[in-house]
There are 2 protein chains.
Amino acid sequence: MRISEFRVHPVAVADPPLRSSYGLHAPYALRTILVLKTTDGIEGIAEAHGGDNSLAALEAIRPHVLGRDPFDLSRLWATVQAETSGGDRSQTWLVPGENPRDSGTRAYAAVEAACLDIIGKAVGKPACDLLGGRARDAAPFSAYLFYKHAGGGGMGGDVREDEWGEALSPETIVAQCKRMVALYGFREIKLKGGVLEPELEIETMRALYREFGPSYPLRIDPNCAWSVETSLHVGRSLKEELGRGGYLEDPAAPLEAMAEVRRRLLAEGIGTPLASNVSVTAFHHVPQAWKLDAVQIVLSDPHYWGGIRAVQQLAALCDTLGAGVSMHSNNHLGVSLMIMAHACAASPAMRYACDTHYPWQTAQDEVVAGGRIPFQDGAVVIPDKPGLGVDLDWDQVARLEERYHKLPLRKRDDEAEMRKHVDPEWKRVLPRW
Amino acid sequence: MRISEFRVHPVAVADPPLRSSYGLHAPYALRTILVLKTTDGIEGIAEAHGGDNSLAALEAIRPHVLGRDPFDLSRLWATVQAETSGGDRSQTWLVPGENPRDSGTRAYAAVEAACLDIIGKAVGKPACDLLGGRARDAAPFSAYLFYKHAGGGGMGGDVREDEWGEALSPETIVAQCKRMVALYGFREIKLKGGVLEPELEIETMRALYREFGPSYPLRIDPNCAWSVETSLHVGRSLKEELGRGGYLEDPAAPLEAMAEVRRRLLAEGIGTPLASNVSVTAFHHVPQAWKLDAVQIVLSDPHYWGGIRAVQQLAALCDTLGAGVSMHSNNHLGVSLMIMAHACAASPAMRYACDTHYPWQTAQDEVVAGGRIPFQDGAVVIPDKPGLGVDLDWDQVARLEERYHKLPLRKRDDEAEMRKHVDPEWKRVLPRW
């Protein structure tokens with residue numbers, strides 16, 4: 001069995017005007033669907049980040065993939081590593097998916113997922129069972145709340161209905177959360193912060209805590225928008241709210257600032273763990289983060305950590321070092337959701353619910369055959385089907401690909417969107433507060 | 001596909017009178033052959049430590065294995081972990097395979113290997129290719145030299161011819177090494193030390209270096225027989241000999257003594273790395289060892305680290321932490337050799353040749369069909385066959401099992417053997433020098 005076809009389908013997916021410290025989400029999120037086919041006629045699929053950067057990385061890996069046995073991944077990874085430049089992999093300044101330093105890793109991750117889909121179909125086993133066997137039958141996800149403007153995403157004649165409405169206050173975020181929890185059954189809650197004044201974000205977290213109580217662990221992630229002093233203020237103010245199975249994610253940057261926040265919070269008897277998907281984004285970051293005690297929970301992500309096996313390895317590594325492991329999310333469709341779910345199921349130490357942007361996309365733009373993937377009590381149940389367990393709706397892929405080619409968007413640039421729609425002078429400044 | 005049969009075959013294998021700081025090898029080494037069979041009639045095999053301790057652990061795991069899908073390993077491991085007591089896993093005092101603290105881990109490892117053999121046969125792939133794909137096509141092993149008395153192993157009418165002769169001096173060890181390298185083509189050399197006066201062992205290493213030159217990395221392993229001062233003396237004396245891709249293995253115990261040896265050698269500009277299979281024998285030992293910089297090379301072993309996937313994980317962990325990884329060996333037959341070879345092939349970071357006792361066993365006592373597994377230039381080539389790539393010679397298994405039942409040996413006790421054959425007063429004392 002050899003890989004004889006390698007096809008990429010860039011797609012554009014309507015995305016609502018979500019806010020973060022990076023700026024504003026564009027009306028469309030870019031993704032790439034990868035399709036591999038073997039000489040036996042087995043098709044494997046995957047989903048990756050979108051835009052020029054990702055497409056170029058997939059083109060670069062293509063010659064190493066064609067003709068390869070889908071089981072032969074370790075040597076493919078060695079080849080990619082040898083060709084990919086080292087250097088800073090931090091996502092402090094670049095949004096995930098736009099860092100050229102990890103584009104090879106991300107292309108490899110997509111190929112690995114598609115190969116696991118192929119192998120699963122060849123063997124008749126779900127992907128997570130090919131990796132040592134699942135640790136759980138369902139992957140829990142968290143309610144991922146965003147401050148947002150009104151609007152459901154899309155442009156021109158393609159604008160979506162806004163099912164969520166504006167949310168730029170504590171009250172509207174609580175309403176957003178209640179709706180999301182009612183629709184999906186999530187049992188952990190994350191707020192993307194770094195958008196409003198810290199006092200307002202603290203108030204938002206307190207309002208969530210009042211509404212949902214201590215049995216819904218809370219996390220807030222301002223993507224490094226705060227100074228050490230502001231991080232400490234938030235940590236103190238939300239000692240109770242974040243202290244019950246929750247965490248404070250990337251309050252500040254760089255790593256040394258995270259370490260200082262941790263040290264000073266601990267000195268005050270506040271044990272709230274710090275999480276990161278910014279200062280720790282590659283294996284070689286882990287030792288230093290651990291030495292400094294800068295990060296107690298590492299956010300994995302099969303897309304940019306190097307695949308599902310890499311997430312397994314990272315989870316085992318964190319477990320060995322006494323750190324927790326959770327999962328980062330970008331905007332994504334159902335194929336990525338399944339990649340993430342299999343990675344979670346195959347990683348025993350993944351004890352935090354994974355992040356997902358899935359509620360922010362809509363049924364209209366799903367590429368998975370049969371439509372949106374359901375959640376049961378906030379979790380994606382691993383389907384009793386081989387491989388990733390989902391197929392593509394080719395009409396949908398064609399439609400979203402056609403849209404991609406018509407649009408001028410070729411990379412994620414939340415700063416430009418922010419200037420276009422909110423504030424013509426806006427710049428990302430770290431720390432902002 | 002479910003596991004419907006679980007059979008264990010305890011065997012006794014003639015073993016020559018090898019010496020170490022633990023004492024003297026008995027005339028027979030004990031091993032256990034595990035055979036699993038599925039409802040589809042696929043048979044998977046594995047090899048584990050021998051004797052009562054191992055058999056009891058295999059009996060304990062049996063009910064969790066019968067009826068299980070061979071892919072469903074992660075949850076089996078969780079079950080074993082929950083049932084196995086924690087506590088000290090050090091092998092400072094107990095020889096590997098006689099530590100009750102890791103007997104559950106060892107039983108799991110045997111089951112995992114047999115399951116990978118089954119899965120490989122079901123899928124038509126060598127075991128290493130089921131684990132993310134091989135990093136290399138052959139697993140390099142080292143020449144594992146022992147001070148020894150004359151004698152080829154066995155008792156009574158079953159005594160083996162001594163093809164090696166006595167080796168209790170530098171000259172005879174050099175002769176042993178020349179013979180072993182000529183027979184097997186090994187390219188790295190290890191001496192089991194802690195047997196003679198340190199000056200004699202230093203002289204032995206120097207003689208090996210004179211004979212083989214700097215292109216054959218050298219290691220010496222006294223199994224903690226030395227004090228910190230003696231370790232430093234050896235480290236200084238063999239700065240040149242061990243400094244070229246070799247290492248100093250477990251010169252002293254406990255971990256803090258290793259750390260002191262390292263610190264003081266480094267202060268003198270001697271960078272010889274320290275390796276261990278004594279102070280670091282489980283994942284939870286790694287963080288402390290790393291923090292103290294006590295161990296720069298961890299000796300994996302699929303048998304007691306928890307299987308082939310555990311070795312992969314350990315190798316990745318070491319790589320992340322900037323440590324090296326090598327592989328420990330006990331007396332073993334061809335099935336274990338293949339388990340070790342697949343573990344090496346599937347672990348990209350395994351850059352040191354693995355240890356093996358294989359040259360010390362003989363064709364007469366091999367349980368692998370077709371006889372002894374060949375070495376090419378010191379390496380075991382992964383066979384182009386599914387699973388582990390070897391089958392059992394059932395007549396041989398029956399013969400060695402019959403012998404096991406006739407013998408009184410039920411555990412490895414090198415101290416008792418030493419008293420019986422060498423010195424009636426002998427006791428293991430650490431440090432001895």
# chains A, B, ... in the order shown; residues from 1 in each chain; ligands from 1

call {"tool": "closest_atom_pairs", "arguments": {"of": "chain B", "to": "chain A", "cutoff": "8 Å", "atoms": "only C-alpha atoms", "output": "JSON lines"}}
result
{"residue": "B:Phe71", "atom": "CA", "partner": "A:Gly133", "partner_atom": "CA", "distance": 5.5}
{"residue": "B:Asp72", "atom": "CA", "partner": "A:Gly133", "partner_atom": "CA", "distance": 4.5}
{"residue": "B:Leu73", "atom": "CA", "partner": "A:Gly133", "partner_atom": "CA", "distance": 5.2}
{"residue": "B:Ser74", "atom": "CA", "partner": "A:Gly133", "partner_atom": "CA", "distance": 5.1}
{"residue": "B:Arg75", "atom": "CA", "partner": "A:Ala135", "partner_atom": "CA", "distance": 5.7}
{"residue": "B:Val123", "atom": "CA", "partner": "A:Val123", "partner_atom": "CA", "distance": 6.4}
{"residue": "B:Asp129", "atom": "CA", "partner": "A:Phe71", "partner_atom": "CA", "distance": 6.1}
{"residue": "B:Leu130", "atom": "CA", "partner": "A:Phe71", "partner_atom": "CA", "distance": 6.9}
{"residue": "B:Leu131", "atom": "CA", "partner": "A:Leu131", "partner_atom": "CA", "distance": 7.2}
{"residue": "B:Gly132", "atom": "CA", "partner": "A:Leu73", "partner_atom": "CA", "distance": 5.5}
{"residue": "B:Gly133", "atom": "CA", "partner": "A:Asp72", "partner_atom": "CA", "distance": 4.5}
{"residue": "B:Arg134", "atom": "CA", "partner": "A:Ser74", "partner_atom": "CA", "distance": 6.1}
{"residue": "B:Ala135", "atom": "CA", "partner": "A:Arg75", "partner_atom": "CA", "distance": 5.7}
{"residue": "B:Phe283", "atom": "CA", "partner": "A:Thr320", "partner_atom": "CA", "distance": 6.0}
{"residue": "B:His284", "atom": "CA", "partner": "A:Thr320", "partner_atom": "CA", "distance": 5.9}
{"residue": "B:Val286", "atom": "CA", "partner": "A:Thr320", "partner_atom": "CA", "distance": 7.6}
{"residue": "B:Pro287", "atom": "CA", "partner": "A:Leu321", "partner_atom": "CA", "distance": 6.0}
{"residue": "B:Arg309", "atom": "CA", "partner": "A:Gly132", "partner_atom": "CA", "distance": 7.8}
{"residue": "B:Gln313", "atom": "CA", "partner": "A:Gln313", "partner_atom": "CA", "distance": 6.4}
{"residue": "B:Ala316", "atom": "CA", "partner": "A:Gln313", "partner_atom": "CA", "distance": 7.4}
{"residue": "B:Leu317", "atom": "CA", "partner": "A:Leu317", "partner_atom": "CA", "distance": 6.2}
{"residue": "B:Thr320", "atom": "CA", "partner": "A:His284", "partner_atom": "CA", "distance": 5.9}
{"residue": "B:Leu321", "atom": "CA", "partner": "A:Pro287", "partner_atom": "CA", "distance": 6.0}
{"residue": "B:Ala346", "atom": "CA", "partner": "A:Ser74", "partner_atom": "CA", "distance": 8.0}
{"residue": "B:Pro348", "atom": "CA", "partner": "A:Ser74", "partner_atom": "CA", "distance": 7.6}

call {"tool": "residues_around", "arguments": {"residues": "Val390 (chain B)", "least_positions_apart": "4", "cutoff": "10 Å", "atoms": "only C-alpha atoms", "output": "NGL selection string"}}
result
:B and (44-45 or 117 or 334-335 or 338 or 367-370 or 373 or 383 or 385-386)

call {"tool": "write_last_selection", "arguments": {"atoms": "C-alpha atoms", "output": "CSV table (one decimal), in the first residue's frame"}}
result
chain,number,residue,atom,x,y,z
B,44,GLY,CA,1.3,-13.6,19.6
B,45,ILE,CA,4.4,-14.3,21.6
B,117,ASP,CA,2.9,-9.5,17.5
B,334,GLY,CA,15.6,-14.6,20.8
B,335,VAL,CA,12.1,-13.4,21.5
B,338,MET,CA,13.4,-9.1,18.8
B,367,VAL,CA,13.4,-21.1,21.6
B,368,VAL,CA,13.1,-19.3,18.3
B,369,ALA,CA,12.3,-21.5,15.3
B,370,GLY,CA,15.2,-21.7,12.9
B,373,ILE,CA,19.0,-14.7,15.4
B,383,PRO,CA,12.9,-9.1,9.5
B,385,LYS,CA,7.8,-10.5,8.6
B,386,PRO,CA,4.7,-9.4,10.5

call {"tool": "select_by_dssp", "arguments": {"residues": "region 7-159 of chain B", "states": "strand (DSSP E or B)", "output": "PyMOL selection string"}}
result
chain B and resi 7-14+18-20+23-24+28-38+43-49+126+138-141+143-146+148

call {"tool": "residues_around", "arguments": {"residues": "Asn330 (chain B)", "least_positions_apart": "2", "cutoff": "10 Å", "atoms": "only C-alpha atoms", "output": "MDAnalysis selection string"}}
result
chainID B and resid 29 31 48:49 95:97 301 303 328 332:333 336 355:358

call {"tool": "closest_residue", "arguments": {"among": "A:Asp52, A:Glu163, A:Asp414, A:Glu188", "to": "Asp377 (chain A)", "atoms": "only C-alpha atoms"}}
result
A:Glu188

call {"tool": "atom_distance", "arguments": {"atom1": "CA of Pro198 (chain A)", "atom2": "CA of Glu425 (chain A)"}}
result
21.1 Å

call {"tool": "select_by_dssp", "arguments": {"residues": "region 101-206 of chain B", "states": "alpha helix (DSSP H)", "output": "VMD selection string"}}
result
chain B and resid 103 to 123 170 to 184 198 to 206

call {"tool": "write_last_selection", "arguments": {"atoms": "C-alpha atoms", "output": "PDB file, in the first residue's frame"}}
result
ATOM      1  CA  SER B 103       6.300  -6.859  38.424  1.00  0.00           C
ATOM      2  CA  GLY B 104       2.949  -5.536  37.161  1.00  0.00           C
ATOM      3  CA  THR B 105       4.749  -3.267  34.723  1.00  0.00           C
ATOM      4  CA  ARG B 106       6.799  -6.219  33.502  1.00  0.00           C
ATOM      5  CA  ALA B 107       3.742  -8.414  33.045  1.00  0.00           C
ATOM      6  CA  TYR B 108       2.036  -5.632  31.103  1.00  0.00           C
ATOM      7  CA  ALA B 109       5.126  -5.250  28.916  1.00  0.00           C
ATOM      8  CA  ALA B 110       5.003  -8.922  27.979  1.00  0.00           C
ATOM      9  CA  VAL B 111       1.311  -8.681  27.107  1.00  0.00           C
ATOM     10  CA  GLU B 112       1.925  -5.557  25.025  1.00  0.00           C
ATOM     11  CA  ALA B 113       4.684  -7.286  23.038  1.00  0.00           C
ATOM     12  CA  ALA B 114       2.478 -10.313  22.384  1.00  0.00           C
ATOM     13  CA  CYS B 115      -0.386  -8.015  21.336  1.00  0.00           C
ATOM     14  CA  LEU B 116       1.894  -6.130  18.939  1.00  0.00           C
ATOM     15  CA  ASP B 117       2.911  -9.510  17.543  1.00  0.00           C
ATOM     16  CA  ILE B 118      -0.782 -10.346  17.047  1.00  0.00           C
ATOM     17  CA  ILE B 119      -1.641  -6.955  15.548  1.00  0.00           C
ATOM     18  CA  GLY B 120       1.341  -7.169  13.218  1.00  0.00           C
ATOM     19  CA  LYS B 121       0.200 -10.553  11.995  1.00  0.00           C
ATOM     20  CA  ALA B 122      -3.384  -9.337  11.586  1.00  0.00           C
ATOM     21  CA  VAL B 123      -2.244  -6.269   9.660  1.00  0.00           C
ATOM     22  CA  PRO B 170      42.523  -7.302  31.376  1.00  0.00           C
ATOM     23  CA  GLU B 171      44.145  -9.638  28.864  1.00  0.00           C
ATOM     24  CA  THR B 172      41.417 -12.273  28.957  1.00  0.00           C
ATOM     25  CA  ILE B 173      38.707  -9.607  28.647  1.00  0.00           C
ATOM     26  CA  VAL B 174      40.423  -8.205  25.589  1.00  0.00           C
ATOM     27  CA  ALA B 175      40.488 -11.718  24.148  1.00  0.00           C
ATOM     28  CA  GLN B 176      36.783 -12.121  25.002  1.00  0.00           C
ATOM     29  CA  CYS B 177      36.023  -8.863  23.261  1.00  0.00           C
ATOM     30  CA  LYS B 178      38.019  -9.700  20.158  1.00  0.00           C
ATOM     31  CA  ARG B 179      36.155 -12.962  19.869  1.00  0.00           C
ATOM     32  CA  MET B 180      32.761 -11.310  20.417  1.00  0.00           C
ATOM     33  CA  VAL B 181      33.412  -8.542  17.937  1.00  0.00           C
ATOM     34  CA  ALA B 182      34.682 -11.048  15.386  1.00  0.00           C
ATOM     35  CA  LEU B 183      31.572 -13.228  15.830  1.00  0.00           C
ATOM     36  CA  TYR B 184      28.936 -10.496  15.938  1.00  0.00           C
ATOM     37  CA  PRO B 198      39.003  -0.697  40.396  1.00  0.00           C
ATOM     38  CA  GLU B 199      42.626  -0.399  39.247  1.00  0.00           C
ATOM     39  CA  LEU B 200      42.297  -3.684  37.404  1.00  0.00           C
ATOM     40  CA  GLU B 201      39.057  -2.605  35.801  1.00  0.00           C
ATOM     41  CA  ILE B 202      40.640   0.685  34.753  1.00  0.00           C
ATOM     42  CA  GLU B 203      43.477  -1.346  33.276  1.00  0.00           C
ATOM     43  CA  THR B 204      40.950  -3.539  31.466  1.00  0.00           C
ATOM     44  CA  MET B 205      39.295  -0.495  29.889  1.00  0.00           C
ATOM     45  CA  ARG B 206      42.651   0.905  28.862  1.00  0.00           C
TER      46      ARG B 206
END

call {"tool": "residues_around", "arguments": {"residues": "Gly151 (chain A)", "least_positions_apart": "2", "cutoff": "12 Å", "atoms": "only C-alpha atoms", "output": "ChimeraX atom specification"}}
result
/A:14-18,25-28,148-149,153-155,158-167,360,421

call {"tool": "write_last_selection", "arguments": {"atoms": "N, CA, C and O atoms", "output": "short mmCIF file (atom, residue, chain, number, x, y, z; two decimals), in the first residue's frame"}}
result
data_model
loop_
_atom_site.label_atom_id
_atom_site.label_comp_id
_atom_site.auth_asym_id
_atom_site.auth_seq_id
_atom_site.Cartn_x
_atom_site.Cartn_y
_atom_site.Cartn_z
N ALA A 14 -17.20 30.74 6.89
CA ALA A 14 -17.72 31.95 7.55
C ALA A 14 -17.40 31.92 9.04
O ALA A 14 -17.55 30.89 9.69
N ASP A 15 -16.95 33.05 9.55
CA ASP A 15 -16.51 33.14 10.95
C ASP A 15 -17.03 34.44 11.54
O ASP A 15 -16.90 35.50 10.92
N PRO A 16 -17.62 34.41 12.71
CA PRO A 16 -18.16 35.64 13.28
C PRO A 16 -17.05 36.57 13.77
O PRO A 16 -15.90 36.15 13.91
N PRO A 17 -17.38 37.83 14.00
CA PRO A 17 -16.38 38.83 14.41
C PRO A 17 -15.95 38.67 15.87
O PRO A 17 -16.33 39.44 16.74
N LEU A 18 -15.18 37.64 16.11
CA LEU A 18 -14.69 37.33 17.46
C LEU A 18 -13.48 38.21 17.76
O LEU A 18 -12.68 38.50 16.87
N HIS A 25 -11.40 38.56 14.37
CA HIS A 25 -11.50 37.51 13.34
C HIS A 25 -12.08 38.10 12.06
O HIS A 25 -13.02 38.89 12.10
N ALA A 26 -11.52 37.68 10.93
CA ALA A 26 -12.04 38.09 9.62
C ALA A 26 -13.39 37.40 9.36
O ALA A 26 -13.74 36.45 10.06
N PRO A 27 -14.13 37.85 8.36
CA PRO A 27 -15.43 37.22 8.07
C PRO A 27 -15.31 35.75 7.66
O PRO A 27 -16.30 35.03 7.66
N TYR A 28 -14.10 35.37 7.27
CA TYR A 28 -13.88 33.97 6.93
C TYR A 28 -12.61 33.45 7.61
O TYR A 28 -11.60 34.16 7.66
N LYS A 148 -17.44 39.53 21.39
CA LYS A 148 -17.65 39.64 19.93
C LYS A 148 -18.57 40.80 19.59
O LYS A 148 -19.36 41.25 20.42
N HIS A 149 -18.43 41.19 18.36
CA HIS A 149 -19.37 42.16 17.81
C HIS A 149 -20.56 41.38 17.25
O HIS A 149 -20.51 40.15 17.14
N GLY A 153 -20.59 36.25 10.54
CA GLY A 153 -19.51 35.87 9.63
C GLY A 153 -19.96 35.93 8.19
O GLY A 153 -21.15 36.00 7.87
N GLY A 154 -18.97 35.91 7.29
CA GLY A 154 -19.27 35.96 5.86
C GLY A 154 -19.24 37.39 5.34
O GLY A 154 -19.11 38.36 6.10
N MET A 155 -19.31 37.50 3.99
CA MET A 155 -19.27 38.82 3.35
C MET A 155 -20.28 38.86 2.23
O MET A 155 -20.62 37.84 1.63
N ASP A 158 -23.10 36.44 1.20
CA ASP A 158 -22.82 35.20 1.92
C ASP A 158 -22.83 35.41 3.44
O ASP A 158 -22.35 34.57 4.19
N VAL A 159 -23.37 36.53 3.87
CA VAL A 159 -23.35 36.84 5.30
C VAL A 159 -24.26 35.88 6.06
O VAL A 159 -25.36 35.56 5.63
N ARG A 160 -23.75 35.38 7.18
CA ARG A 160 -24.52 34.47 8.03
C ARG A 160 -25.44 35.23 8.96
O ARG A 160 -25.12 36.34 9.38
N GLU A 161 -26.49 34.57 9.32
CA GLU A 161 -27.33 35.09 10.39
C GLU A 161 -26.51 35.08 11.68
O GLU A 161 -25.71 34.18 11.90
N ASP A 162 -26.71 36.06 12.52
CA ASP A 162 -25.98 36.10 13.78
C ASP A 162 -26.80 35.43 14.88
O ASP A 162 -27.69 36.04 15.47
N GLU A 163 -26.50 34.19 15.11
CA GLU A 163 -27.26 33.48 16.14
C GLU A 163 -26.80 33.84 17.55
O GLU A 163 -27.43 33.44 18.51
N TRP A 164 -25.67 34.54 17.65
CA TRP A 164 -25.09 34.80 18.98
C TRP A 164 -25.25 36.24 19.45
O TRP A 164 -25.34 36.49 20.65
N GLY A 165 -25.21 37.17 18.53
CA GLY A 165 -25.34 38.57 18.92
C GLY A 165 -24.07 39.16 19.51
O GLY A 165 -23.08 38.45 19.73
N GLU A 166 -24.11 40.45 19.76
CA GLU A 166 -22.95 41.13 20.35
C GLU A 166 -22.74 40.64 21.79
O GLU A 166 -23.70 40.37 22.51
N ALA A 167 -21.47 40.54 22.16
CA ALA A 167 -21.15 40.17 23.55
C ALA A 167 -19.90 40.94 23.94
O ALA A 167 -18.78 40.50 23.67
N TRP A 360 -18.58 28.13 16.85
CA TRP A 360 -18.58 29.38 16.10
C TRP A 360 -18.71 29.17 14.60
O TRP A 360 -18.91 30.12 13.85
N HIS A 421 -12.45 47.31 10.73
CA HIS A 421 -13.83 47.32 11.23
C HIS A 421 -14.03 48.02 12.56
O HIS A 421 -15.14 48.38 12.89
#

call {"tool": "atom_distance", "arguments": {"atom1": "CA of Pro63 (chain B)", "atom2": "CA of Pro126 (chain B)"}}
result
27.4 Å

call {"tool": "atom_distance", "arguments": {"atom1": "CA of Lys37 (chain A)", "atom2": "CA of Met1 (chain A)"}}
result
9.8 Å

call {"tool": "residues_around", "arguments": {"residues": "Gly185 (chain B)", "least_positions_apart": "6", "cutoff": "9 Å", "atoms": "only C-alpha atoms", "output": "VMD selection string"}}
result
chain B and resid 143 375 to 379

call {"tool": "residues_around", "arguments": {"residues": "Trp226 (chain B)", "least_positions_apart": "4", "cutoff": "7 Å", "atoms": "only C-alpha atoms", "output": "PyMOL selection string"}}
result
chain B and resi 230-231+251-252+431-433

call {"tool": "closest_residue", "arguments": {"among": "A:Pro217, A:Gly193, A:Pro140, A:Gly371", "to": "Ala345 (chain A)", "atoms": "only C-alpha atoms"}}
result
A:Pro140
